[in-house]
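See below for entry-v9.tsv, which holds TSV, C-alpha atoms (C1' of nucleotides).
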```
chain	number	residue	atom	x	y	z
A	1	MET	CA	-23.30	2.68	-7.15
A	2	SER	CA	-21.16	0.42	-9.22
A	3	THR	CA	-19.20	2.21	-11.86
A	4	SER	CA	-17.06	1.05	-14.68
A	5	GLY	CA	-13.88	2.67	-15.80
A	6	SER	CA	-11.43	1.80	-18.50
A	7	GLN	CA	-10.13	-0.95	-16.28
A	8	VAL	CA	-13.44	-2.71	-16.09
A	9	SER	CA	-14.49	-4.62	-19.10
A	10	HIS	CA	-18.16	-5.30	-19.17
A	11	PRO	CA	-19.25	-7.95	-21.55
A	12	GLY	CA	-20.67	-7.66	-24.95
A	13	LYS	CA	-24.39	-8.13	-24.56
A	14	VAL	CA	-25.09	-11.38	-22.84
A	15	SER	CA	-28.32	-12.88	-24.00
A	16	PHE	CA	-30.60	-13.77	-21.15
A	17	ASP	CA	-31.57	-16.93	-22.98
A	18	GLU	CA	-28.01	-18.08	-22.67
A	19	VAL	CA	-28.01	-17.47	-18.94
A	20	LYS	CA	-31.36	-19.16	-18.58
A	21	GLU	CA	-30.07	-22.21	-20.35
A	22	ILE	CA	-27.05	-22.46	-18.10
A	23	PHE	CA	-29.32	-22.39	-15.09
A	24	SER	CA	-31.71	-24.83	-16.67
A	25	ASN	CA	-28.89	-27.27	-17.39
A	26	HIS	CA	-27.57	-26.90	-13.91
A	27	LEU	CA	-30.97	-27.77	-12.47
A	28	THR	CA	-31.27	-30.81	-14.68
A	29	GLU	CA	-27.80	-32.04	-13.87
A	30	HIS	CA	-28.55	-31.84	-10.18
A	31	ASN	CA	-32.04	-33.29	-10.35
A	32	LEU	CA	-33.59	-30.03	-9.28
A	33	ARG	CA	-36.90	-28.75	-10.55
A	34	ARG	CA	-37.44	-25.99	-13.04
A	35	THR	CA	-39.91	-23.88	-11.11
A	36	PRO	CA	-41.27	-20.55	-12.32
A	37	GLU	CA	-40.00	-18.89	-9.12
A	38	ARG	CA	-36.41	-19.87	-9.81
A	39	PHE	CA	-36.49	-18.39	-13.28
A	40	ALA	CA	-38.31	-15.30	-12.15
A	41	ILE	CA	-35.60	-14.65	-9.59
A	42	LEU	CA	-32.87	-15.21	-12.16
A	43	GLU	CA	-34.57	-12.76	-14.49
A	44	GLU	CA	-34.99	-10.20	-11.76
A	45	ILE	CA	-31.29	-10.43	-11.02
A	46	TYR	CA	-30.19	-10.11	-14.60
A	47	ASN	CA	-32.35	-7.03	-15.01
A	48	ARG	CA	-30.44	-5.38	-12.20
A	49	THR	CA	-27.26	-3.47	-12.73
A	50	ASP	CA	-25.89	-3.26	-9.24
A	51	HIS	CA	-24.86	-5.19	-6.25
A	52	PHE	CA	-27.87	-6.20	-4.23
A	53	ASP	CA	-28.84	-8.14	-1.15
A	54	ALA	CA	-31.46	-10.81	-0.67
A	55	GLU	CA	-33.93	-8.53	1.04
A	56	ALA	CA	-33.79	-5.88	-1.69
A	57	LEU	CA	-34.42	-8.53	-4.30
A	58	TYR	CA	-37.32	-9.91	-2.31
A	59	ILE	CA	-38.88	-6.50	-1.75
A	60	HIS	CA	-38.54	-5.54	-5.38
A	61	MET	CA	-40.28	-8.70	-6.49
A	62	LYS	CA	-43.05	-8.21	-3.97
A	63	THR	CA	-43.67	-4.65	-5.07
A	64	SER	CA	-43.73	-5.88	-8.66
A	65	ASN	CA	-46.55	-8.10	-7.50
A	66	TYR	CA	-44.61	-11.27	-7.96
A	67	ARG	CA	-45.48	-13.76	-5.25
A	68	VAL	CA	-42.32	-15.20	-3.72
A	69	SER	CA	-41.11	-15.94	-0.25
A	70	ARG	CA	-37.83	-15.07	1.35
A	71	ALA	CA	-37.12	-18.76	1.72
A	72	THR	CA	-37.29	-19.25	-2.02
A	73	VAL	CA	-35.18	-16.19	-2.69
A	74	TYR	CA	-32.43	-17.45	-0.39
A	75	ASN	CA	-32.69	-20.95	-1.77
A	76	THR	CA	-32.40	-19.73	-5.35
A	77	LEU	CA	-29.51	-17.39	-4.61
A	78	GLU	CA	-27.65	-20.39	-3.27
A	79	LEU	CA	-28.32	-22.34	-6.46
A	80	LEU	CA	-27.17	-19.45	-8.61
A	81	VAL	CA	-23.96	-19.12	-6.65
A	82	ASN	CA	-23.38	-22.83	-7.16
A	83	CYS	CA	-23.57	-22.55	-10.91
A	84	ASP	CA	-21.50	-19.36	-11.02
A	85	LEU	CA	-24.26	-17.18	-12.36
A	86	ILE	CA	-23.89	-14.86	-9.41
A	87	THR	CA	-21.15	-14.16	-6.91
A	88	ARG	CA	-21.40	-13.47	-3.22
A	89	HIS	CA	-19.69	-10.58	-1.49
A	90	GLN	CA	-19.32	-9.04	1.89
A	91	PHE	CA	-18.18	-5.50	1.74
A	92	GLY	CA	-17.20	-5.23	5.36
A	93	LYS	CA	-20.66	-5.57	6.80
A	94	ASN	CA	-22.61	-8.54	8.08
A	95	LEU	CA	-24.75	-8.45	5.02
A	96	THR	CA	-24.31	-10.71	2.06
A	97	GLN	CA	-24.40	-8.93	-1.26
A	98	TYR	CA	-24.60	-10.49	-4.68
A	99	GLU	CA	-23.94	-9.57	-8.28
A	100	LYS	CA	-24.57	-11.33	-11.54
A	101	SER	CA	-21.39	-12.76	-12.91
A	102	TYR	CA	-22.01	-14.61	-16.14
A	103	GLY	CA	-20.04	-13.09	-18.98
A	104	PHE	CA	-18.46	-10.53	-16.73
A	105	LYS	CA	-14.77	-10.36	-16.43
A	106	GLN	CA	-13.44	-11.20	-13.01
A	107	HIS	CA	-12.97	-8.03	-11.04
A	108	ASP	CA	-12.44	-6.71	-7.55
A	109	HIS	CA	-13.93	-3.87	-5.57
A	110	LEU	CA	-13.04	-0.53	-4.15
A	111	ILE	CA	-15.47	0.58	-1.47
A	112	CYS	CA	-15.85	4.10	-0.13
A	113	VAL	CA	-16.06	3.94	3.65
A	114	GLU	CA	-17.97	7.20	3.67
A	115	CYS	CA	-20.66	6.90	1.05
A	116	GLY	CA	-20.63	3.17	0.43
A	117	LYS	CA	-20.00	3.56	-3.28
A	118	VAL	CA	-18.59	0.45	-4.90
A	119	ILE	CA	-16.23	0.71	-7.86
A	120	GLU	CA	-15.03	-2.28	-9.81
A	121	PHE	CA	-11.53	-2.75	-11.11
A	122	CYS	CA	-9.28	-5.38	-12.64
A	123	ASP	CA	-5.62	-5.88	-11.95
A	124	PRO	CA	-3.75	-8.84	-13.40
A	125	ARG	CA	-1.32	-8.91	-10.50
A	126	ILE	CA	-3.97	-10.52	-8.35
A	127	GLN	CA	-3.77	-13.63	-10.53
A	128	GLN	CA	-0.05	-13.75	-9.99
A	129	ILE	CA	-0.51	-13.53	-6.24
A	130	LYS	CA	-2.99	-16.38	-6.37
A	131	SER	CA	-0.71	-18.71	-8.25
A	132	THR	CA	2.40	-17.80	-6.28
A	133	MET	CA	0.70	-18.31	-2.96
A	134	GLY	CA	-1.18	-21.41	-4.00
A	135	GLU	CA	2.06	-23.05	-4.98
A	136	LEU	CA	4.01	-21.86	-1.98
A	137	LEU	CA	1.40	-22.90	0.53
A	138	HIS	CA	0.16	-26.07	-1.17
A	139	PHE	CA	-3.31	-24.81	-1.76
A	140	ASP	CA	-5.63	-25.08	-4.71
A	141	VAL	CA	-6.90	-21.55	-4.84
A	142	LEU	CA	-10.45	-21.65	-6.13
A	143	TYR	CA	-11.47	-18.04	-5.93
A	144	HIS	CA	-10.63	-14.87	-4.09
A	145	GLU	CA	-12.03	-11.64	-2.86
A	146	LEU	CA	-10.10	-8.41	-2.78
A	147	ASN	CA	-11.68	-5.30	-1.33
A	148	LEU	CA	-9.92	-1.97	-1.11
A	149	PHE	CA	-11.50	0.42	1.37
A	150	GLY	CA	-10.97	4.12	1.14
A	151	ARG	CA	-12.40	7.50	0.40
A	152	CYS	CA	-13.35	9.18	-2.87
A	153	LYS	CA	-10.78	11.92	-3.41
A	154	ASP	CA	-13.27	14.19	-5.11
A	155	GLY	CA	-15.73	13.84	-2.28
A	156	CYS	CA	-18.64	11.47	-2.44
A	157	LYS	CA	-21.31	12.13	-4.97
B	1	MET	CA	-5.59	-22.63	12.85
B	2	SER	CA	-3.44	-19.75	11.83
B	3	THR	CA	-0.06	-20.78	10.64
B	4	SER	CA	3.04	-18.91	9.74
B	5	GLY	CA	5.39	-19.77	6.97
B	6	SER	CA	8.51	-18.12	5.73
B	7	GLN	CA	6.34	-15.47	4.12
B	8	VAL	CA	4.72	-14.47	7.38
B	9	SER	CA	6.82	-12.46	9.68
B	10	HIS	CA	5.60	-12.56	13.19
B	11	PRO	CA	7.01	-9.92	15.42
B	12	GLY	CA	9.76	-10.16	17.88
B	13	LYS	CA	8.06	-10.40	21.26
B	14	VAL	CA	5.70	-7.54	21.69
B	15	SER	CA	5.47	-6.49	25.27
B	16	PHE	CA	1.94	-6.30	26.48
B	17	ASP	CA	2.82	-3.16	28.39
B	18	GLU	CA	3.53	-1.47	25.12
B	19	VAL	CA	0.16	-2.48	23.75
B	20	LYS	CA	-1.58	-1.41	26.91
B	21	GLU	CA	0.03	1.98	26.72
B	22	ILE	CA	-1.10	2.49	23.16
B	23	PHE	CA	-4.64	1.73	24.20
B	24	SER	CA	-4.34	3.89	27.25
B	25	ASN	CA	-3.13	6.83	25.19
B	26	HIS	CA	-5.87	6.31	22.68
B	27	LEU	CA	-8.45	6.44	25.44
B	28	THR	CA	-6.99	9.61	26.88
B	29	GLU	CA	-6.81	11.32	23.51
B	30	HIS	CA	-10.45	10.61	22.90
B	31	ASN	CA	-11.65	11.46	26.38
B	32	LEU	CA	-12.64	7.89	27.05
B	33	ARG	CA	-12.35	6.21	30.39
B	34	ARG	CA	-9.76	3.68	31.44
B	35	THR	CA	-12.04	1.00	32.82
B	36	PRO	CA	-10.84	-2.37	34.09
B	37	GLU	CA	-13.16	-4.12	31.61
B	38	ARG	CA	-11.49	-2.49	28.64
B	39	PHE	CA	-8.05	-3.57	29.74
B	40	ALA	CA	-9.24	-7.04	30.67
B	41	ILE	CA	-10.61	-7.50	27.16
B	42	LEU	CA	-7.41	-6.22	25.61
B	43	GLU	CA	-5.41	-8.65	27.71
B	44	GLU	CA	-7.69	-11.53	26.84
B	45	ILE	CA	-7.20	-10.77	23.16
B	46	TYR	CA	-3.44	-10.50	23.37
B	47	ASN	CA	-3.28	-13.83	25.15
B	48	ARG	CA	-4.99	-15.45	22.20
B	49	THR	CA	-3.16	-16.71	19.19
B	50	ASP	CA	-5.93	-17.06	16.67
B	51	HIS	CA	-8.68	-15.31	14.90
B	52	PHE	CA	-11.71	-15.06	17.12
B	53	ASP	CA	-15.20	-13.66	17.17
B	54	ALA	CA	-16.95	-11.52	19.75
B	55	GLU	CA	-19.01	-14.35	21.18
B	56	ALA	CA	-16.01	-16.64	21.69
B	57	LEU	CA	-14.21	-13.86	23.51
B	58	TYR	CA	-17.24	-13.19	25.66
B	59	ILE	CA	-17.75	-16.86	26.49
B	60	HIS	CA	-14.11	-17.36	27.34
B	61	MET	CA	-14.13	-14.43	29.71
B	62	LYS	CA	-17.32	-15.62	31.35
B	63	THR	CA	-15.95	-19.11	31.88
B	64	SER	CA	-12.83	-17.54	33.35
B	65	ASN	CA	-15.19	-15.96	35.85
B	66	TYR	CA	-14.60	-12.48	34.57
B	67	ARG	CA	-17.79	-10.48	34.73
B	68	VAL	CA	-18.39	-8.70	31.44
B	69	SER	CA	-21.33	-8.13	29.18
B	70	ARG	CA	-21.59	-8.61	25.47
B	71	ALA	CA	-22.28	-4.92	25.13
B	72	THR	CA	-18.93	-4.08	26.65
B	73	VAL	CA	-17.14	-6.65	24.54
B	74	TYR	CA	-18.56	-5.19	21.34
B	75	ASN	CA	-17.91	-1.67	22.50
B	76	THR	CA	-14.29	-2.44	23.34
B	77	LEU	CA	-13.66	-4.33	20.11
B	78	GLU	CA	-14.77	-1.23	18.27
B	79	LEU	CA	-12.33	0.92	20.23
B	80	LEU	CA	-9.49	-1.49	19.57
B	81	VAL	CA	-10.20	-1.49	15.87
B	82	ASN	CA	-10.13	2.29	15.95
B	83	CYS	CA	-6.66	2.39	17.42
B	84	ASP	CA	-5.36	-0.38	15.14
B	85	LEU	CA	-4.67	-2.83	17.93
B	86	ILE	CA	-6.93	-5.36	16.27
B	87	THR	CA	-8.27	-5.85	12.77
B	88	ARG	CA	-11.66	-6.98	11.64
B	89	HIS	CA	-12.25	-9.71	9.09
B	90	GLN	CA	-15.03	-11.56	7.38
B	91	PHE	CA	-13.94	-14.81	5.97
B	92	GLY	CA	-16.96	-15.33	3.78
B	93	LYS	CA	-19.48	-15.73	6.57
B	94	ASN	CA	-21.81	-13.32	8.30
B	95	LEU	CA	-19.63	-13.38	11.32
B	96	THR	CA	-17.09	-10.75	12.17
B	97	GLN	CA	-13.74	-12.14	13.20
B	98	TYR	CA	-10.87	-10.26	14.75
B	99	GLU	CA	-7.16	-10.68	15.28
B	100	LYS	CA	-4.63	-8.71	17.22
B	101	SER	CA	-2.52	-6.60	14.93
B	102	TYR	CA	-0.03	-4.54	16.87
B	103	GLY	CA	3.50	-5.38	15.85
B	104	PHE	CA	2.33	-7.81	13.23
B	105	LYS	CA	3.26	-7.29	9.65
B	106	GLN	CA	0.34	-6.61	7.38
B	107	HIS	CA	-0.78	-9.87	5.84
B	108	ASP	CA	-3.63	-11.49	4.00
B	109	HIS	CA	-5.45	-14.78	4.34
B	110	LEU	CA	-5.87	-18.07	2.60
B	111	ILE	CA	-8.95	-19.91	3.82
B	112	CYS	CA	-9.68	-23.58	3.26
B	113	VAL	CA	-13.28	-23.95	2.18
B	114	GLU	CA	-13.33	-27.48	3.53
B	115	CYS	CA	-11.80	-27.33	6.97
B	116	GLY	CA	-11.88	-23.61	7.63
B	117	LYS	CA	-8.16	-23.41	8.28
B	118	VAL	CA	-6.76	-19.91	7.90
B	119	ILE	CA	-3.21	-19.39	6.68
B	120	GLU	CA	-1.57	-15.99	6.62
B	121	PHE	CA	0.67	-14.72	3.87
B	122	CYS	CA	2.34	-11.57	2.64
B	123	ASP	CA	2.80	-10.49	-0.94
B	124	PRO	CA	4.20	-7.09	-1.79
B	125	ARG	CA	2.27	-6.94	-5.04
B	126	ILE	CA	-0.88	-6.13	-3.10
B	127	GLN	CA	0.66	-2.79	-2.15
B	128	GLN	CA	1.30	-2.06	-5.78
B	129	ILE	CA	-2.28	-2.83	-6.66
B	130	LYS	CA	-3.47	-0.49	-3.95
B	131	SER	CA	-1.42	2.44	-5.14
B	132	THR	CA	-2.11	1.87	-8.81
B	133	MET	CA	-5.84	1.63	-8.31
B	134	GLY	CA	-6.03	4.44	-5.82
B	135	GLU	CA	-4.37	6.76	-8.29
B	136	LEU	CA	-6.32	5.57	-11.28
B	137	LEU	CA	-9.70	5.79	-9.59
B	138	HIS	CA	-9.09	8.88	-7.46
B	139	PHE	CA	-9.39	7.09	-4.17
B	140	ASP	CA	-7.42	7.31	-0.98
B	141	VAL	CA	-7.06	3.66	-0.20
B	142	LEU	CA	-7.00	3.28	3.57
B	143	TYR	CA	-6.87	-0.47	3.98
B	144	HIS	CA	-7.76	-3.64	2.18
B	145	GLU	CA	-8.76	-7.22	2.65
B	146	LEU	CA	-7.63	-10.02	0.39
B	147	ASN	CA	-8.92	-13.51	0.98
B	148	LEU	CA	-7.96	-16.48	-1.15
B	149	PHE	CA	-10.35	-19.40	-0.84
B	150	GLY	CA	-9.28	-22.89	-1.73
B	151	ARG	CA	-8.44	-26.34	-0.57
B	152	CYS	CA	-5.41	-27.74	1.22
B	153	LYS	CA	-3.59	-29.86	-1.35
B	154	ASP	CA	-2.38	-32.31	1.26
B	155	GLY	CA	-5.84	-32.79	2.64
B	156	CYS	CA	-7.04	-30.97	5.71
B	157	LYS	CA	-5.42	-31.75	8.99
C	1	DT	C1'	-20.33	14.83	41.79
C	2	DT	C1'	-21.26	14.26	37.05
C	3	DG	C1'	-21.68	11.96	33.15
C	4	DT	C1'	-19.59	8.09	30.80
C	5	DG	C1'	-19.44	3.03	30.98
C	6	DT	C1'	-21.43	-1.19	32.43
C	7	DG	C1'	-24.63	-5.23	32.82
C	8	DC	C1'	-28.70	-7.12	31.62
C	9	DA	C1'	-32.35	-8.01	28.74
C	10	DA	C1'	-34.95	-6.85	25.02
C	11	DA	C1'	-34.97	-5.64	20.20
C	12	DA	C1'	-33.24	-5.50	15.66
C	13	DG	C1'	-31.46	-7.33	11.30
C	14	DC	C1'	-30.20	-11.07	8.38
C	15	DT	C1'	-30.74	-15.88	7.46
C	16	DT	C1'	-32.45	-20.60	8.22
C	17	DT	C1'	-35.88	-23.96	9.43
C	18	DG	C1'	-40.42	-26.49	10.17
C	19	DC	C1'	-44.60	-27.56	8.50
C	20	DA	C1'	-48.64	-27.73	5.66
C	21	DT	C1'	-49.77	-27.03	0.92
C	22	DG	C1'	-48.83	-26.87	-4.01
C	23	DT	C1'	-46.62	-28.46	-8.22
C	24	DT	C1'	-43.04	-30.68	-11.14
C	25	DG	C1'	-41.53	-34.68	-13.39
D	1	DC	C1'	-48.76	-39.57	-7.44
D	2	DA	C1'	-44.61	-39.13	-5.05
D	3	DA	C1'	-41.01	-36.23	-4.05
D	4	DC	C1'	-39.51	-31.90	-4.03
D	5	DA	C1'	-40.35	-26.80	-3.80
D	6	DT	C1'	-42.97	-23.15	-2.01
D	7	DG	C1'	-45.08	-19.77	1.34
D	8	DC	C1'	-45.51	-18.39	5.73
D	9	DA	C1'	-44.16	-17.78	10.23
D	10	DA	C1'	-41.32	-18.95	13.82
D	11	DA	C1'	-36.76	-19.63	15.41
D	12	DG	C1'	-31.66	-18.81	15.29
D	13	DC	C1'	-27.56	-16.05	15.43
D	14	DT	C1'	-24.95	-12.08	15.60
D	15	DT	C1'	-25.04	-7.39	16.84
D	16	DT	C1'	-27.25	-3.15	18.71
D	17	DT	C1'	-30.02	-0.53	21.89
D	18	DG	C1'	-32.44	1.14	26.22
D	19	DC	C1'	-32.31	1.76	30.84
D	20	DA	C1'	-31.00	1.72	35.63
D	21	DC	C1'	-26.98	1.39	38.29
D	22	DA	C1'	-21.83	1.83	39.02
D	23	DC	C1'	-17.72	4.13	38.96
D	24	DA	C1'	-13.75	6.91	36.69
D	25	DA	C1'	-12.25	11.49	36.52
```
Whole structure, structure tokens version:
Amino acid sequence: MSTSGSQVSHPGKVSFDEVKEIFSNHLTEHNLRRTPERFAILEEIYNRTDHFDAEALYIHMKTSNYRVSRATVYNTLELLVNCDLITRHQFGKNLTQYEKSYGFKQHDHLICVECGKVIEFCDPRIQQIKSTMGELLHFDVLYHELNLFGRCKDGCK
Amino acid sequence: MSTSGSQVSHPGKVSFDEVKEIFSNHLTEHNLRRTPERFAILEEIYNRTDHFDAEALYIHMKTSNYRVSRATVYNTLELLVNCDLITRHQFGKNLTQYEKSYGFKQHDHLICVECGKVIEFCDPRIQQIKSTMGELLHFDVLYHELNLFGRCKDGCK
DNA sequence: TTGTGTGCAAAAGCTTTGCATGTTG
DNA sequence: CAACATGCAAAGCTTTTGCACACAA
């Protein structure tokens, strides 16, 4: 689904240990417990390449014979969003999708309305819009989401 | 909730007759029926000023003693999206929101993560991003959604 | 008159919550 | 061992669907 082009810079290898430590520190700082489930979910996510939703994550872990509950999956996704290890998206449907974000350059999405394909891209002008509008409207802009919806010119494959 | 600044150009008065005719034509062109419910919903929407969701619209019509069903509300919202009389949004929640769009300049949204306030803005650079990326990635970009999330600098009022 | 549109209620899909049990610190 | 996290199932919310009846064309 998600594709990279010259405009998407994926990171040099990010060591999972590094990610794990960030999460671990976050848990400590917030007096939360380091449970095996939380780390298993983090690992599952960082083994994925694509955008995913909570249910898909849950199902994949179940079929891998890992015993988790939906409640824990949702709970952990929330924690991971809070420490910026994943980001939340809604690509025009009432379904929350996630993607891992540590070490990845900020990017936006182009979504094919026909086949659902999601392409990532970067454009520096979005940063300019954020600072211009923040200033003009007296807002501290924390983050943004830009989705372009369209159709693959070469047909959907 | 929704506010306009110098960067948001709201239309000169749009006559509701004009809007109604657009809808009417759309229905005819697609061999759909001109039912009183459909026009009542359109009118209800064009009397509103804000972003709204399907349930709020439904409830408001019910309390105004207009007999409609949720099914019809959802059905009609779909039709109105199709003929560009309203646009669909998701401001970071699993709840579809709508706003009337005929005669309104294309704009994007700044959402306060604390108080939920939605401010509209226009920035021409978004058009440039759309054409650049469409070309580069072989996509016909049909529409987009840009949401900036942040906090009111002056506190939320 | 014919078939599309409607209302109502039930079902579906995603997410959250309550409660008893398990486990971390 | 006390508080927090988990699993499970039930409940909550938004949206969709099925079906009998109504009504636009």
For DC8 in chain C, please output as a PyMOL selection string all residues within 12 Å (counting all atoms listed in the file; exclusion window: fewer than 2 positions along the same chain). (chain B and resi 67-72) or (chain C and resi 6+10) or (chain D and resi 17-21)
With chain B as the partner and 9 Å as the cut-off, tabulate the residues of chain A that qualify, each row holding the nearest pair of atoms and their distance in Å to one decimal, using all atoms listed in the file, sorted by chain and rising number, as a tab-separated table.
```
residue	atom	partner	partner_atom	distance
A:Gly5	CA	B:Leu137	CA	8.1
A:Arg88	CA	B:Gly92	CA	8.5
A:His89	CA	B:Gly92	CA	7.6
A:Gln90	CA	B:Gly92	CA	7.0
A:Phe91	CA	B:Gln90	CA	8.9
A:Gly92	CA	B:Gln90	CA	7.0
A:Lys93	CA	B:Asn94	CA	8.0
A:Asn94	CA	B:Asn94	CA	4.9
A:Leu95	CA	B:Asn94	CA	6.6
A:Thr96	CA	B:Asn94	CA	7.2
A:Leu110	CA	B:Val141	CA	8.3
A:Cys112	CA	B:Phe139	CA	8.2
A:Ile119	CA	B:Leu137	CA	8.5
A:Phe121	CA	B:Met133	CA	7.7
A:Cys122	CA	B:Met133	CA	8.9
A:Asp123	CA	B:Ile129	CA	7.0
A:Arg125	CA	B:Arg125	CA	6.8
A:Ile126	CA	B:Ile126	CA	7.5
A:Gln128	CA	B:Arg125	CA	8.7
A:Ile129	CA	B:Asp123	CA	6.9
A:Lys130	CA	B:Leu148	CA	7.2
A:Met133	CA	B:Phe121	CA	7.7
A:Gly134	CA	B:Gly150	CA	8.5
A:Leu137	CA	B:Gly5	CA	8.2
A:His138	CA	B:Lys153	CA	5.3
A:Phe139	CA	B:Cys152	CA	4.7
A:Asp140	CA	B:Arg151	CA	5.2
A:Val141	CA	B:Gly150	CA	4.1
A:Leu142	CA	B:Gly150	CA	4.7
A:Tyr143	CA	B:Phe149	CA	5.4
A:His144	CA	B:Leu148	CA	4.3
A:Glu145	CA	B:Asn147	CA	5.3
A:Leu146	CA	B:Leu146	CA	4.3
A:Asn147	CA	B:Glu145	CA	5.3
A:Leu148	CA	B:His144	CA	4.3
A:Phe149	CA	B:Tyr143	CA	5.4
A:Gly150	CA	B:Val141	CA	4.2
A:Arg151	CA	B:Asp140	CA	5.2
A:Cys152	CA	B:Phe139	CA	4.7
A:Lys153	CA	B:Phe139	CA	5.1
A:Asp154	CA	B:His138	CA	7.2
```
A straight line from CA of Cys115 in chain A to CA of Leu77 in chain B spans 23.2 Å
To one decimal in Å, tell me the separation between CA of Ser64 in chain B and CA of Ile41 in chain B.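 It comes out at 12.0 Å.
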Residue with smallest distance to chain D - pool B:Glu114, B:Glu55, B:Asp84, B:Glu21, counting all atoms listed in the file: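 For chain D, the nearest of the candidates is B:Glu55.
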What is the CA of Tyr102 in chain B-CA of Val19 in chain B distance in Å, reported with one decimal?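 For CA of Tyr102 in chain B relative to CA of Val19 in chain B, the distance reads 7.2 Å.
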Need the neighbours of (-11.3, 15.4, 35.5): which residues are at most 10 Å away, counting only C-alpha atoms (C1' of nucleotides), as number ranges by chain? B: 31; D: 24-25
Using all atoms listed in the file and a cutoff of 8 Å, can you tell me which residues are near (-28.6, -16.0, 8.0) in the file's coordinates, and write them out as a list in words?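 All residues meeting the 8 Å criterion around (-28.6, -16.0, 8.0) are Asn94 of chain B; DC14, DT15 and DT16 of chain C; DC13 of chain D.
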Quick check: residues of chain C within 12 Å of chain A, all atoms listed in the file, returned as a list in words.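 Within 12 Å of chain A on chain C, we get DG13, DC14, DT15, DT16, DT17, DG18, DG22, DT23, DT24 and DG25 of chain C.
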Let me make sure I understand: among B:Asp50, B:Glu37, B:Glu18, B:Glu43, which one has the smallest atom-to-atom distance to chain D if we use all atoms listed in the file?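 Closest candidate: B:Glu37.
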Shortest interatomic distance to chain B - which of D:DG12, D:DC1, D:DT6, D:DC23, counting all atoms listed in the file: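 Answer, going by the shortest atom-to-atom distance: D:DC23.
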